[in-house]
Every structure is written in structure tokens, then in C-alpha cells.
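Asks: File follows, upload03.cif with mmCIF, C-alpha atoms:
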```cif
data_final
loop_
_atom_site.group_PDB
_atom_site.id
_atom_site.type_symbol
_atom_site.label_atom_id
_atom_site.label_comp_id
_atom_site.auth_asym_id
_atom_site.auth_seq_id
_atom_site.Cartn_x
_atom_site.Cartn_y
_atom_site.Cartn_z
ATOM 1 C CA MET A 498 -0.413 60.600 -24.622
ATOM 2 C CA LYS A 499 2.191 63.315 -24.987
ATOM 3 C CA GLU A 500 0.075 65.684 -22.901
ATOM 4 C CA ASP A 501 -0.401 62.956 -20.307
ATOM 5 C CA LYS A 502 3.322 62.293 -20.221
ATOM 6 C CA ASN A 503 3.756 66.002 -19.506
ATOM 7 C CA ILE A 504 1.278 65.785 -16.631
ATOM 8 C CA LEU A 505 3.156 62.865 -15.103
ATOM 9 C CA ASP A 506 6.481 64.590 -15.651
ATOM 10 C CA LYS A 507 5.234 67.652 -13.800
ATOM 11 C CA ILE A 508 4.559 65.656 -10.650
ATOM 12 C CA ASN A 509 7.387 65.001 -8.235
ATOM 13 C CA ARG A 510 7.355 61.238 -7.765
ATOM 14 C CA LYS A 511 8.631 61.529 -4.221
ATOM 15 C CA SER A 512 6.018 64.004 -3.079
ATOM 16 C CA GLY A 513 2.468 63.598 -1.888
ATOM 17 C CA MET A 514 2.883 61.288 1.083
ATOM 18 C CA THR A 515 5.079 61.629 4.131
ATOM 19 C CA VAL A 516 6.176 59.458 7.040
ATOM 20 C CA PRO A 517 6.866 60.402 10.686
ATOM 21 C CA ASP A 518 10.360 61.712 11.396
ATOM 22 C CA ASN A 519 13.063 59.093 11.572
ATOM 23 C CA TYR A 520 10.453 56.461 10.748
ATOM 24 C CA PHE A 521 12.618 54.035 8.757
ATOM 25 C CA ALA A 522 15.519 54.007 11.239
ATOM 26 C CA ASP A 523 13.100 53.470 14.131
ATOM 27 C CA PHE A 524 11.218 50.829 12.179
ATOM 28 C CA ALA A 525 14.360 48.762 11.591
ATOM 29 C CA GLU A 526 15.253 48.968 15.276
ATOM 30 C CA LYS A 527 11.749 48.041 16.508
ATOM 31 C CA MET A 528 11.473 45.293 13.960
ATOM 32 C CA MET A 529 14.702 43.706 15.158
ATOM 33 C CA GLN A 530 13.514 43.900 18.771
ATOM 34 C CA ASN A 531 10.239 42.173 17.912
ATOM 35 C CA LEU A 532 11.808 39.569 15.672
ATOM 36 C CA PRO A 533 11.383 36.161 17.337
ATOM 37 C CA GLU A 534 14.435 34.016 17.937
ATOM 38 C CA LYS A 535 14.958 31.255 15.453
ATOM 39 C CA GLN A 536 14.998 27.834 16.986
ATOM 40 C CA GLU A 537 18.199 25.978 16.371
ATOM 41 C CA PRO A 538 17.613 23.189 13.925
ATOM 42 C CA ILE A 539 17.580 19.824 15.656
ATOM 43 C CA ILE A 540 20.668 17.986 14.505
ATOM 44 C CA ALA A 541 19.952 14.286 14.264
ATOM 45 C CA LYS A 542 22.401 11.951 16.042
ATOM 46 C CA PRO A 543 24.596 9.951 13.666
ATOM 47 C CA PRO A 544 23.285 6.371 13.352
ATOM 48 C CA THR A 545 25.179 3.549 15.083
ATOM 49 C CA ALA A 546 26.902 0.790 13.101
ATOM 50 C CA TRP A 547 24.077 -1.644 13.954
ATOM 51 C CA GLN A 548 21.432 0.877 12.811
ATOM 52 C CA ARG A 549 23.308 1.311 9.535
ATOM 53 C CA VAL A 550 23.621 -2.419 8.753
ATOM 54 C CA ARG A 551 20.376 -3.581 10.398
ATOM 55 C CA ALA A 552 18.308 -3.401 7.255
ATOM 56 C CA TYR A 553 20.871 -5.403 5.269
ATOM 57 C CA VAL A 554 21.123 -8.038 8.004
ATOM 58 C CA TYR A 555 17.343 -8.446 7.995
ATOM 59 C CA LEU A 556 17.401 -8.789 4.242
ATOM 60 C CA VAL A 557 20.112 -11.452 4.293
ATOM 61 C CA ALA A 558 18.297 -13.358 7.089
ATOM 62 C CA MET A 559 15.086 -13.300 5.084
ATOM 63 C CA PHE A 560 16.776 -14.764 1.999
ATOM 64 C CA ALA A 561 18.578 -17.384 4.120
ATOM 65 C CA GLY A 562 15.238 -18.421 5.623
ATOM 66 C CA ILE A 563 13.668 -18.740 2.198
ATOM 67 C CA TRP A 564 16.646 -20.819 0.988
ATOM 68 C CA CYS A 565 16.366 -23.155 4.017
ATOM 69 C CA MET A 566 12.662 -23.646 3.414
ATOM 70 C CA VAL A 567 13.232 -24.470 -0.254
ATOM 71 C CA LYS A 568 16.015 -26.914 0.673
ATOM 72 C CA MET A 569 13.848 -28.632 3.304
ATOM 73 C CA VAL A 570 10.953 -29.057 0.898
ATOM 74 C CA ASP A 571 13.389 -30.519 -1.649
ATOM 75 C CA LEU A 572 14.793 -33.054 0.853
ATOM 76 C CA MET A 573 11.333 -34.126 1.993
ATOM 77 C CA GLY A 574 10.277 -34.535 -1.615
ATOM 78 C CA SER A 575 13.193 -36.889 -2.438
ATOM 79 C CA ASN A 576 12.134 -39.380 0.377
ATOM 80 C CA THR A 577 8.530 -39.577 -0.715
ATOM 81 C CA PRO A 578 7.613 -42.924 -2.482
ATOM 82 C CA GLY A 579 6.267 -42.793 -5.926
ATOM 83 C CA THR A 580 8.714 -40.348 -7.308
ATOM 84 C CA PRO A 581 10.329 -41.261 -10.639
ATOM 85 C CA SER A 582 13.767 -41.841 -9.061
ATOM 86 C CA GLU A 583 12.279 -44.192 -6.460
ATOM 87 C CA ALA A 584 10.439 -46.207 -9.105
ATOM 88 C CA ALA A 585 13.624 -46.675 -11.103
ATOM 89 C CA ASN A 586 15.468 -47.845 -7.980
ATOM 90 C CA SER A 587 12.773 -50.460 -7.132
ATOM 91 C CA ALA A 588 12.832 -51.851 -10.658
ATOM 92 C CA GLN A 589 16.583 -52.387 -10.434
ATOM 93 C CA ILE A 590 16.327 -54.341 -7.116
ATOM 94 C CA LEU A 591 13.548 -56.484 -8.552
ATOM 95 C CA ALA A 592 15.635 -57.351 -11.620
ATOM 96 C CA GLN A 593 18.586 -58.448 -9.444
ATOM 97 C CA ALA A 594 16.292 -60.624 -7.298
ATOM 98 C CA ILE A 595 14.839 -62.437 -10.297
ATOM 99 C CA GLU A 596 18.311 -63.253 -11.598
ATOM 100 C CA ASP A 597 19.230 -64.909 -8.225
ATOM 101 C CA GLU A 598 17.920 -68.560 -8.333
ATOM 102 C CA SER A 599 18.178 -69.158 -4.571
ATOM 103 C CA PHE A 600 16.021 -66.122 -3.991
ATOM 104 C CA ILE A 601 13.322 -67.689 -6.163
ATOM 105 C CA SER A 602 13.634 -71.103 -4.419
ATOM 106 C CA ASP A 603 13.740 -69.594 -0.939
ATOM 107 C CA TYR A 604 10.912 -67.120 -1.279
ATOM 108 C CA CYS A 605 8.752 -68.214 -4.200
ATOM 109 C CA TYR A 606 8.252 -72.020 -4.030
ATOM 110 C CA GLU A 607 5.598 -72.100 -1.355
ATOM 111 C CA ASP A 608 3.745 -75.221 -2.600
ATOM 112 C CA ILE A 609 6.648 -77.738 -2.165
ATOM 113 C CA ASP A 610 5.564 -80.960 -0.351
ATOM 114 C CA GLU A 611 7.363 -82.739 2.490
ATOM 115 C CA TYR A 612 8.473 -85.748 0.382
ATOM 116 C CA SER A 613 10.083 -83.595 -2.223
ATOM 117 C CA LEU A 614 11.848 -81.701 0.498
ATOM 118 C CA LEU A 615 13.301 -84.933 2.094
ATOM 119 C CA GLU A 616 14.328 -86.197 -1.294
ATOM 120 C CA SER A 617 16.095 -82.997 -1.977
ATOM 121 C CA MET A 618 17.863 -83.223 1.371
ATOM 122 C CA TYR A 619 19.024 -86.808 0.702
ATOM 123 C CA GLU A 620 20.403 -85.647 -2.594
ATOM 124 C CA ASP A 621 22.253 -82.956 -0.773
ATOM 125 C CA GLY A 622 23.899 -85.600 1.551
ATOM 126 C CA TYR A 623 21.725 -85.433 4.614
ATOM 127 C CA GLU A 624 21.022 -88.740 6.524
ATOM 128 C CA ALA A 625 17.764 -89.640 8.250
ATOM 129 C CA GLY A 626 19.465 -89.570 11.669
ATOM 130 C CA ASP A 627 20.516 -86.074 11.093
ATOM 131 C CA LEU A 628 16.919 -84.985 11.071
ATOM 132 C CA ILE A 629 16.082 -86.466 14.584
ATOM 133 C CA ILE A 630 16.030 -83.732 17.152
ATOM 134 C CA GLU A 631 16.863 -84.940 20.609
ATOM 135 C CA THR A 632 14.769 -83.446 23.336
ATOM 136 C CA SER A 633 15.178 -83.889 27.114
ATOM 137 C CA TYR A 634 12.502 -83.189 29.636
ATOM 138 C CA MET B 236 28.396 22.874 3.717
ATOM 139 C CA LYS B 237 28.116 26.500 2.673
ATOM 140 C CA PHE B 238 25.131 27.591 0.654
ATOM 141 C CA LEU B 239 25.950 29.005 -2.739
ATOM 142 C CA PRO B 240 23.076 31.155 -3.939
ATOM 143 C CA ILE B 241 22.105 30.679 -7.555
ATOM 144 C CA MET B 242 20.835 33.924 -8.955
ATOM 145 C CA ASP B 243 20.791 35.566 -12.325
ATOM 146 C CA LYS B 244 23.701 37.652 -13.538
ATOM 147 C CA ASN B 245 21.891 40.894 -12.695
ATOM 148 C CA THR B 246 21.723 40.037 -9.004
ATOM 149 C CA PRO B 247 23.650 42.658 -7.032
ATOM 150 C CA LYS B 248 26.793 41.385 -5.339
ATOM 151 C CA GLU B 249 25.481 42.687 -2.016
ATOM 152 C CA ASP B 250 22.393 40.481 -2.404
ATOM 153 C CA LEU B 251 24.541 37.406 -3.023
ATOM 154 C CA GLU B 252 26.542 38.060 0.121
ATOM 155 C CA LEU B 253 23.391 38.831 2.085
ATOM 156 C CA VAL B 254 21.704 35.611 1.026
ATOM 157 C CA ALA B 255 24.811 33.609 1.891
ATOM 158 C CA ARG B 256 24.800 35.173 5.371
ATOM 159 C CA LEU B 257 21.082 34.492 5.732
ATOM 160 C CA ARG B 258 21.779 30.804 5.151
ATOM 161 C CA GLU B 259 24.328 30.622 7.947
ATOM 162 C CA PRO B 260 22.601 30.117 11.327
ATOM 163 C CA SER B 261 25.290 32.146 13.106
ATOM 164 C CA THR B 262 24.839 35.236 10.879
ATOM 165 C CA CYS B 263 21.185 34.839 9.870
ATOM 166 C CA ARG B 264 19.657 37.265 12.353
ATOM 167 C CA GLU B 265 22.222 39.987 11.780
ATOM 168 C CA ALA B 266 21.845 39.576 8.013
ATOM 169 C CA PHE B 267 18.083 39.891 8.281
ATOM 170 C CA GLY B 268 18.622 43.192 10.112
ATOM 171 C CA ASP B 269 20.498 44.367 7.025
ATOM 172 C CA VAL B 270 17.633 43.140 4.832
ATOM 173 C CA ILE B 271 15.211 45.282 6.838
ATOM 174 C CA LYS B 272 17.468 48.335 6.565
ATOM 175 C CA ARG B 273 17.967 47.862 2.846
ATOM 176 C CA TYR B 274 14.420 47.076 1.742
ATOM 177 C CA SER B 275 12.060 48.611 4.315
ATOM 178 C CA GLU B 276 11.753 51.959 2.520
ATOM 179 C CA THR B 277 11.072 50.505 -0.946
ATOM 180 C CA LEU B 278 8.567 48.011 0.436
ATOM 181 C CA TYR B 279 6.910 50.612 2.626
ATOM 182 C CA TRP B 280 6.186 52.903 -0.341
ATOM 183 C CA GLN B 281 4.896 50.027 -2.408
ATOM 184 C CA ILE B 282 2.472 49.063 0.351
ATOM 185 C CA ARG B 283 1.571 52.652 1.187
ATOM 186 C CA ARG B 284 0.618 53.409 -2.438
ATOM 187 C CA MET B 285 -1.685 50.411 -2.376
ATOM 188 C CA VAL B 286 -3.414 51.017 0.963
ATOM 189 C CA ASN B 287 -3.029 54.854 1.049
ATOM 190 C CA ASN B 288 -2.646 55.031 4.807
ATOM 191 C CA HIS B 289 0.502 55.220 6.943
ATOM 192 C CA ASP B 290 -0.734 53.178 9.903
ATOM 193 C CA ASP B 291 -1.970 50.314 7.739
ATOM 194 C CA ALA B 292 1.221 50.453 5.667
ATOM 195 C CA ASN B 293 3.287 50.279 8.862
ATOM 196 C CA ASP B 294 1.381 47.188 10.070
ATOM 197 C CA LEU B 295 1.623 45.511 6.694
ATOM 198 C CA LEU B 296 5.344 46.221 6.444
ATOM 199 C CA GLN B 297 5.858 44.540 9.816
ATOM 200 C CA ASN B 298 3.789 41.555 8.657
ATOM 201 C CA THR B 299 5.831 41.371 5.471
ATOM 202 C CA PHE B 300 9.121 41.134 7.342
ATOM 203 C CA MET B 301 7.676 38.725 9.910
ATOM 204 C CA LYS B 302 6.531 36.416 7.123
ATOM 205 C CA ALA B 303 9.871 36.725 5.372
ATOM 206 C CA TRP B 304 11.684 35.896 8.627
ATOM 207 C CA GLY B 305 9.433 32.915 9.223
ATOM 208 C CA ALA B 306 10.025 31.562 5.734
ATOM 209 C CA ILE B 307 13.672 32.518 5.283
ATOM 210 C CA GLU B 308 14.710 28.835 5.262
ATOM 211 C CA ASN B 309 12.431 28.290 2.279
ATOM 212 C CA PHE B 310 14.000 31.084 0.259
ATOM 213 C CA ARG B 311 15.835 29.006 -2.321
ATOM 214 C CA GLY B 312 17.935 31.832 -3.670
ATOM 215 C CA ASP B 313 17.063 31.238 -7.318
ATOM 216 C CA ALA B 314 15.114 34.511 -7.409
ATOM 217 C CA LYS B 315 16.222 37.945 -6.372
ATOM 218 C CA LEU B 316 15.783 38.707 -2.693
ATOM 219 C CA SER B 317 13.987 41.948 -3.610
ATOM 220 C CA THR B 318 11.589 40.064 -5.919
ATOM 221 C CA TRP B 319 10.741 37.627 -3.145
ATOM 222 C CA LEU B 320 10.124 40.440 -0.648
ATOM 223 C CA HIS B 321 8.016 42.443 -3.129
ATOM 224 C CA LYS B 322 5.857 39.359 -3.720
ATOM 225 C CA ILE B 323 5.211 38.994 -0.005
ATOM 226 C CA ALA B 324 4.450 42.713 0.356
ATOM 227 C CA ILE B 325 2.011 42.711 -2.572
ATOM 228 C CA ASN B 326 0.229 39.620 -1.286
ATOM 229 C CA GLU B 327 -0.085 41.222 2.142
ATOM 230 C CA SER B 328 -1.496 44.431 0.617
ATOM 231 C CA ILE B 329 -4.016 42.661 -1.614
ATOM 232 C CA THR B 330 -5.147 40.402 1.235
ATOM 233 C CA PHE B 331 -5.558 43.439 3.491
ATOM 234 C CA LEU B 332 -7.655 45.311 0.908
ATOM 235 C CA GLU B 333 -9.862 42.257 0.370
ATOM 236 C CA LYS B 334 -10.412 41.942 4.121
ATOM 237 C CA GLU B 335 -11.244 45.623 4.366
ATOM 238 C CA ARG B 336 -13.741 45.343 1.501
ATOM 239 C CA LYS B 337 -15.424 42.436 3.257
ATOM 240 C CA ARG B 338 -15.304 44.084 6.682
ATOM 241 C CA LEU B 339 -16.842 47.329 5.424
ATOM 242 C CA ASN B 340 -19.087 45.536 2.925
ATOM 243 C CA ILE B 341 -17.680 47.446 -0.054
ATOM 244 C CA SER B 342 -18.212 46.158 -3.577
ATOM 245 C CA LEU B 343 -15.496 46.402 -6.233
ATOM 246 C CA ASP B 344 -17.490 49.232 -7.883
ATOM 247 C CA ASP B 345 -17.368 51.261 -4.687
ATOM 248 C CA GLU B 346 -13.664 50.691 -4.127
ATOM 249 C CA GLU B 347 -12.659 53.914 -5.861
ATOM 250 C CA SER B 348 -14.670 56.098 -3.470
ATOM 251 C CA PHE B 349 -13.402 54.012 -0.523
ATOM 252 C CA LEU B 350 -9.773 54.592 -1.549
ATOM 253 C CA ILE B 351 -10.350 58.298 -2.210
ATOM 254 C CA ASN B 352 -11.862 58.661 1.251
ATOM 255 C CA THR B 353 -8.801 56.902 2.687
ATOM 256 C CA ILE B 354 -6.480 59.264 0.789
ATOM 257 C CA GLU B 355 -8.376 62.320 2.057
ATOM 258 C CA ALA B 356 -8.258 61.001 5.634
ATOM 259 C CA ASP B 357 -4.508 60.343 5.458
ATOM 260 C CA GLN B 358 -2.662 62.493 8.006
ATOM 261 C CA HIS B 359 0.768 62.022 6.499
ATOM 262 C CA ILE B 360 0.633 64.165 3.369
ATOM 263 C CA ASP B 361 2.801 67.040 2.209
ATOM 264 C CA GLY B 362 0.074 69.222 0.711
ATOM 265 C CA ASP B 363 1.158 68.862 -2.924
ATOM 266 C CA GLU B 364 -2.193 69.232 -4.738
ATOM 267 C CA LEU B 365 -1.013 67.761 -8.020
ATOM 268 C CA ALA B 366 0.415 64.724 -6.264
ATOM 269 C CA LEU B 367 -2.829 64.306 -4.324
ATOM 270 C CA LYS B 368 -4.791 64.466 -7.567
ATOM 271 C CA LEU B 369 -2.551 61.804 -9.077
ATOM 272 C CA ARG B 370 -3.186 59.564 -6.041
ATOM 273 C CA LYS B 371 -6.903 59.915 -6.589
ATOM 274 C CA ALA B 372 -6.472 59.185 -10.289
ATOM 275 C CA ILE B 373 -4.520 56.042 -9.405
ATOM 276 C CA ALA B 374 -7.267 55.060 -6.934
ATOM 277 C CA SER B 375 -9.714 55.040 -9.854
ATOM 278 C CA LEU B 376 -7.755 52.271 -11.599
ATOM 279 C CA PRO B 377 -8.514 48.557 -11.254
ATOM 280 C CA GLU B 378 -6.279 46.791 -8.719
ATOM 281 C CA LYS B 379 -3.896 45.170 -11.227
ATOM 282 C CA GLN B 380 -3.423 48.363 -13.245
ATOM 283 C CA ARG B 381 -2.860 50.272 -10.021
ATOM 284 C CA LEU B 382 -0.105 47.854 -9.050
ATOM 285 C CA VAL B 383 1.528 47.978 -12.473
ATOM 286 C CA PHE B 384 1.373 51.768 -12.634
ATOM 287 C CA ASN B 385 2.874 52.187 -9.145
ATOM 288 C CA MET B 386 5.705 49.759 -9.845
ATOM 289 C CA LYS B 387 6.555 51.345 -13.179
ATOM 290 C CA TYR B 388 5.970 55.005 -12.488
ATOM 291 C CA TYR B 389 7.100 55.359 -8.859
ATOM 292 C CA ASP B 390 9.523 52.484 -8.363
ATOM 293 C CA GLU B 391 10.817 52.632 -11.965
ATOM 294 C CA MET B 392 10.904 48.866 -11.968
ATOM 295 C CA LYS B 393 11.807 46.952 -15.129
ATOM 296 C CA TYR B 394 9.031 45.030 -16.818
ATOM 297 C CA GLU B 395 11.035 41.804 -16.450
ATOM 298 C CA GLN B 396 11.154 42.116 -12.662
ATOM 299 C CA MET B 397 7.483 43.122 -12.569
ATOM 300 C CA SER B 398 6.745 40.012 -14.592
ATOM 301 C CA GLU B 399 8.541 37.843 -12.032
ATOM 302 C CA ILE B 400 6.701 39.469 -9.133
ATOM 303 C CA LEU B 401 3.213 39.527 -10.625
ATOM 304 C CA GLY B 402 3.468 36.380 -12.738
ATOM 305 C CA THR B 403 2.218 38.253 -15.822
ATOM 306 C CA SER B 404 3.859 38.451 -19.241
ATOM 307 C CA VAL B 405 5.887 41.531 -20.160
ATOM 308 C CA GLY B 406 3.535 42.264 -23.074
ATOM 309 C CA ALA B 407 0.479 42.210 -20.815
ATOM 310 C CA LEU B 408 2.236 44.476 -18.307
ATOM 311 C CA LYS B 409 3.112 47.007 -21.027
ATOM 312 C CA ALA B 410 -0.493 47.004 -22.216
ATOM 313 C CA SER B 411 -1.701 47.366 -18.637
ATOM 314 C CA TYR B 412 0.600 50.334 -17.993
ATOM 315 C CA HIS B 413 -0.438 51.978 -21.249
ATOM 316 C CA LEU B 414 -4.118 51.641 -20.301
ATOM 317 C CA ALA B 415 -3.440 52.991 -16.818
ATOM 318 C CA VAL B 416 -1.710 56.071 -18.241
ATOM 319 C CA LYS B 417 -4.660 56.662 -20.595
ATOM 320 C CA LYS B 418 -7.132 56.474 -17.719
ATOM 321 C CA ILE B 419 -5.063 58.840 -15.593
ATOM 322 C CA GLU B 420 -4.942 61.266 -18.514
ATOM 323 C CA GLN B 421 -8.701 61.039 -18.795
ATOM 324 C CA PHE B 422 -9.058 61.595 -15.028
ATOM 325 C CA PHE B 423 -6.981 64.772 -15.222
ATOM 326 C CA GLU B 424 -9.052 66.002 -18.182
ATOM 327 C CA ASP B 425 -12.330 65.276 -16.399
ATOM 328 C CA ASN B 426 -11.226 66.890 -13.139
ATOM 329 C CA ASP B 427 -9.520 69.934 -14.595
#
```
Just give me the structure of the file as C-alpha cells.
Replies:
Amino acid sequence: MKEDKNILDKINRKSGMTVPDNYFADFAEKMMQNLPEKQEPIIAKPPTAWQRVRAYVYLVAMFAGIWCMVKMVDLMGSNTPGTPSEAANSAQILAQAIEDESFISDYCYEDIDEYSLLESMYEDGYEAGDLIIETSY
Amino acid sequence: MKFLPIMDKNTPKEDLELVARLREPSTCREAFGDVIKRYSETLYWQIRRMVNNHDDANDLLQNTFMKAWGAIENFRGDAKLSTWLHKIAINESITFLEKERKRLNISLDDEESFLINTIEADQHIDGDELALKLRKAIASLPEKQRLVFNMKYYDEMKYEQMSEILGTSVGALKASYHLAVKKIEQFFEDND
């Protein structure tokens, strides 16, 4: 190793190979001449206000549309018969009708006969003449 | 916004300024001219010692700078400028040698005689016999050892920078250099 180190030390590191005269100065000059021009980077135009907010507007419109659809479905659902709220409402009307006696007499006594009806009218103060309808031809 | 290069503390101040100028479109071209002036000689010798021929070294040096110019926007500045350029130069040299091996149908075993023939055919030599013998000894080394030996012996590069360039650990580089020196010693003994 020591002997080898001596061999390497004996050799001039800069010797052995040569280059043509003035090679490095000429090289730099030629290299610069042959160097292609760099293209200017394309600077993107700044976005307009609409381009900046467009995405947000679309997003808001989408959510508004979804909200409208949900609301519409809800409204349509509340008018459909058979829902629990509708059933409760019908039961209440029916209860009020049953409590009203005239409603029962007007709408439910279908099998009353003519005699009973006249008797009832006499009791109420109607006269027989009142029931004659005058017609003229 | 101005680019602030992030480099290690050992980065020369000139390199920091140069990289900052390279990042400015208005000064980029002029700064690259300074890069060529500063690094062309070092890179040339690194390539020349690999390919052993002036004309090929000249072509490869041009390719190295062309590639560097083409990719200058991608240079992030977190490595030394010299390290980046050395990497490009080494890749160019290795690729060239591989292409030559394929073109001339030379196996790895025959590479030594191919390189020695190239050295003997080289027109640009100074006639120093001992130096010529050392070149032949280096040509007998495997490619990686040849690279490591050249970088350490001729360029006096630190193992840490070699490690960054070659992507090999410092320990492996030291072992590689040690082996290369042993083989060169053996070559001198055998060809005494």
C-alpha cells in the first residue's frame, strides 16, 4: 500500500491528457451560441370575478334545488288522505256531527213516513192550507 | 417572488448567488454562461477520464450542458449545483460507454482492451509514460471503481459529495477506492 501510494504520488495528476489550445474559453463561447432560447413561461390570465365565484354559486344553487324538492315532497305528503293527522281531523268532525241533534234528524232518519211528517208539522204550527201550492198554467 | 435556494452550509456563496440568478428569467441565460465557465473544465476532465477520448468528451460535455439547460427549471436548489452537474455528466458518460459496447458488440470482459485501445489512439496526450500507464491501469478497473478512483484521486472530491453523486454509502466508497488502489498497485507490479 505504501509502495503504491508512492507510485501514485510520483505521477503528476494534471499530466497525461491534453486539450486543444484555448479549448475551454472557446467551448464556453460556442456553447452559449448554440444554447437554445428559453421560451417565456405562459402567464395565465387572472380569473374574472364570475370565474372565481362560479363554483360557489353552482354549489348554492344545487343545495337550494335539493331544499325545494324536499319541501315540495313534504307539502304533497301533508295533503294525501290516510295520513295520521288527516285521520285525527276526520274523527273530530264526526264527533261534532253526532253531538248535533238536527244533523241526525236531517241526514239520518231516512225511513220517516208521510203521516209522521205531517203530524210533526202540525205540532210545529203549520196549517193544512199552508201546504197547498198554487200553480197557474 | 424571489427564489431562495436552500443548500447546505458548505455551499459556496457564489453558487447561492448563481442559483438565484438562474431562477430569474431575466438573468437565467447570462447566469448559465457563468455556470459553463465555472464548471466546464472540471466536468470535461471527469468525462474525459471515463471515455478516454477528447472528441467524445467534447460531445458529452455539450450534451451535459444542454441537458442541464433544458432541466434548469427542475433544479430545486436543495443540492449543490456542482453535484447536480456531476450527476448529469456521469450519467451521460455511462450511457455513452454502454452504447459503444453495444454498437461495437463488446462484452464487459473485453472492455479493458477496448479502453486501452482508445487510450492508445488518443491524439491529445502529453507523452508522460507514467501517466499513460496509470490510465491503462485505471482502464483495467470495473466501471464503478474507475469512477470512484477518478473522483477521489484526480478531482480530490470528498467522500460525502461522491456519496451524493453516486448514491452509494461513504463506507462502500472507501472500500471501493481501497480496492481500486490495490488493483492499480498490482497492475504496476505486473507491468514493471
Asks: One decimal, in Å: what's the spacing between CA of Ala522 (chain A) and CA of Val270 (chain B)?
Replies: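 Result for CA of Ala522 (chain A) versus CA of Val270 (chain B): 12.8 Å, one decimal.
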Asks: One decimal, Å: what's the distance from CA of Lys272 (chain B) over to CA of Asp291 (chain B), could you say?
Replies: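 Straight-line distance from CA of Lys272 (chain B) to CA of Asp291 (chain B) works out to 19.6 Å.
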Asks: Taking the file above as input, evaluate the PyMOL selection byres ((chain B) within 8 of (chain A)) and report the hits as a list in words.
Replies: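 Taken on the displayed file, the PyMOL selection byres ((chain B) within 8 of (chain A)) yields the residues Pro260, Gly268, Ile271, Lys272, Ser275, Glu276, His289, Gln297, Met301, Trp304, His359, Ile360, Asp361, Gly362, Asp363, Glu364, Leu365, Ala366, Leu367, Tyr388, Tyr389, Val416, Lys417, Ile419 and Glu420 of chain B.
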Asks: Mind writing the picked residues with C-alpha atoms as a compact mmCIF listing (two decimals), in the frame of the given file?
Replies:
```
# COMPACT_ATOMS: atom_id res chain seq x y z
CA PRO B 260 22.60 30.12 11.33
CA GLY B 268 18.62 43.19 10.11
CA ILE B 271 15.21 45.28 6.84
CA LYS B 272 17.47 48.34 6.56
CA SER B 275 12.06 48.61 4.32
CA GLU B 276 11.75 51.96 2.52
CA HIS B 289 0.50 55.22 6.94
CA GLN B 297 5.86 44.54 9.82
CA MET B 301 7.68 38.72 9.91
CA TRP B 304 11.68 35.90 8.63
CA HIS B 359 0.77 62.02 6.50
CA ILE B 360 0.63 64.17 3.37
CA ASP B 361 2.80 67.04 2.21
CA GLY B 362 0.07 69.22 0.71
CA ASP B 363 1.16 68.86 -2.92
CA GLU B 364 -2.19 69.23 -4.74
CA LEU B 365 -1.01 67.76 -8.02
CA ALA B 366 0.42 64.72 -6.26
CA LEU B 367 -2.83 64.31 -4.32
CA TYR B 388 5.97 55.00 -12.49
CA TYR B 389 7.10 55.36 -8.86
CA VAL B 416 -1.71 56.07 -18.24
CA LYS B 417 -4.66 56.66 -20.60
CA ILE B 419 -5.06 58.84 -15.59
CA GLU B 420 -4.94 61.27 -18.51
```
Asks: What is the distance between CA of Phe300 (chain B) and CA of Lys248 (chain B), in Å to one decimal?
Replies: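 The value is 21.8 Å.
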Asks: For the file shown, report as a list in words the outcome of the PyMOL selection byres ((chain B and resi 295) around 8) at residue level.
Replies: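 Answer for the PyMOL selection byres ((chain B and resi 295) around 8): Ile282, Asp291, Ala292, Asn293, Asp294, Leu296, Gln297, Asn298, Thr299, Ala324, Glu327 and Ser328 of chain B.
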Asks: Please give the centre and size of the box around region 316-320 of chain B (axis-aligned, containing every atom listed in the file, 6 Å added per side), with values in Å to one decimal and written as lines of an AutoDock Vina configuration file.
Replies:
```
center_x = 13.0
center_y = 39.8
center_z = -3.3
size_x = 17.7
size_y = 16.3
size_z = 17.3
```
Asks: Can you list what the PyMOL selection byres ((chain B and resi 379-384) around 8) grabs from this structure, as a PDB file with C-alpha atoms, in the frame of the given file?
Replies:
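Written out: result-v3.pdb:
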```pdb
ATOM      1  CA  MET B 285      -1.685  50.411  -2.376  1.00  0.00           C
ATOM      2  CA  ILE B 373      -4.520  56.042  -9.405  1.00  0.00           C
ATOM      3  CA  ALA B 374      -7.267  55.060  -6.934  1.00  0.00           C
ATOM      4  CA  LEU B 376      -7.755  52.271 -11.599  1.00  0.00           C
ATOM      5  CA  PRO B 377      -8.514  48.557 -11.254  1.00  0.00           C
ATOM      6  CA  GLU B 378      -6.279  46.791  -8.719  1.00  0.00           C
ATOM      7  CA  ASN B 385       2.874  52.187  -9.145  1.00  0.00           C
ATOM      8  CA  MET B 386       5.705  49.759  -9.845  1.00  0.00           C
ATOM      9  CA  LYS B 387       6.555  51.345 -13.179  1.00  0.00           C
ATOM     10  CA  TYR B 388       5.970  55.005 -12.488  1.00  0.00           C
ATOM     11  CA  TYR B 389       7.100  55.359  -8.859  1.00  0.00           C
ATOM     12  CA  MET B 397       7.483  43.122 -12.569  1.00  0.00           C
ATOM     13  CA  LEU B 408       2.236  44.476 -18.307  1.00  0.00           C
ATOM     14  CA  SER B 411      -1.701  47.366 -18.637  1.00  0.00           C
ATOM     15  CA  TYR B 412       0.600  50.334 -17.993  1.00  0.00           C
ATOM     16  CA  LEU B 414      -4.118  51.641 -20.301  1.00  0.00           C
ATOM     17  CA  ALA B 415      -3.440  52.991 -16.818  1.00  0.00           C
ATOM     18  CA  VAL B 416      -1.710  56.071 -18.241  1.00  0.00           C
TER      19      VAL B 416
END
```
Asks: Smallest atom-to-atom distance to Asp390 (chain B): which of B:Arg284, B:Ala407, B:Asn309, B:Lys337, using only C-alpha atoms?
Replies: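 Nearest candidate to Asp390 (chain B) out of B:Arg284, B:Ala407, B:Asn309, B:Lys337: B:Arg284.
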Asks: Considering all atoms listed in the file, state which residue in the set B:Arg273, B:Lys302, B:Cys263, B:Ile354 is at the smallest distance from Lys322 (chain B).
Replies: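 Between B:Arg273, B:Lys302, B:Cys263, B:Ile354, the residue approaching Lys322 (chain B) most closely is B:Lys302.
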Asks: For Glu346 (chain B), please output as a list in words all residues within 10 Å (counting all atoms listed in the file; exclusion window: fewer than 2 positions along the same chain).
Replies: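 Returned residues: Leu332, Arg336, Ile341, Ser342, Leu343, Asp344, Ser348, Phe349, Leu350, Ile351, Asn352, Ala374, Ser375, Leu376, Pro377 and Glu378 of chain B.
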Asks: Mind listing whatever residues come within 10 Å of the point (7.5, 39.8, -3.3)? Use all atoms listed in the file, file coordinates, and give them as an MDAnalysis selection string.
Replies: chainID B and resid 278 299 303 315:327 397 399:401
Asks: Between B:His413, B:Lys393, B:Lys334, B:Arg264, which has the minimum distance to Gln530 (chain A) (counting all atoms listed in the file)?
Replies: B:Arg264
Asks: For Asp250 (chain B), which of B:Ala306, B:Ala314, B:Ile329, B:Val286 is the closest residue, counting only C-alpha atoms?
Replies: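 Residue with the minimum atom-to-atom distance to Asp250 (chain B): B:Ala314.
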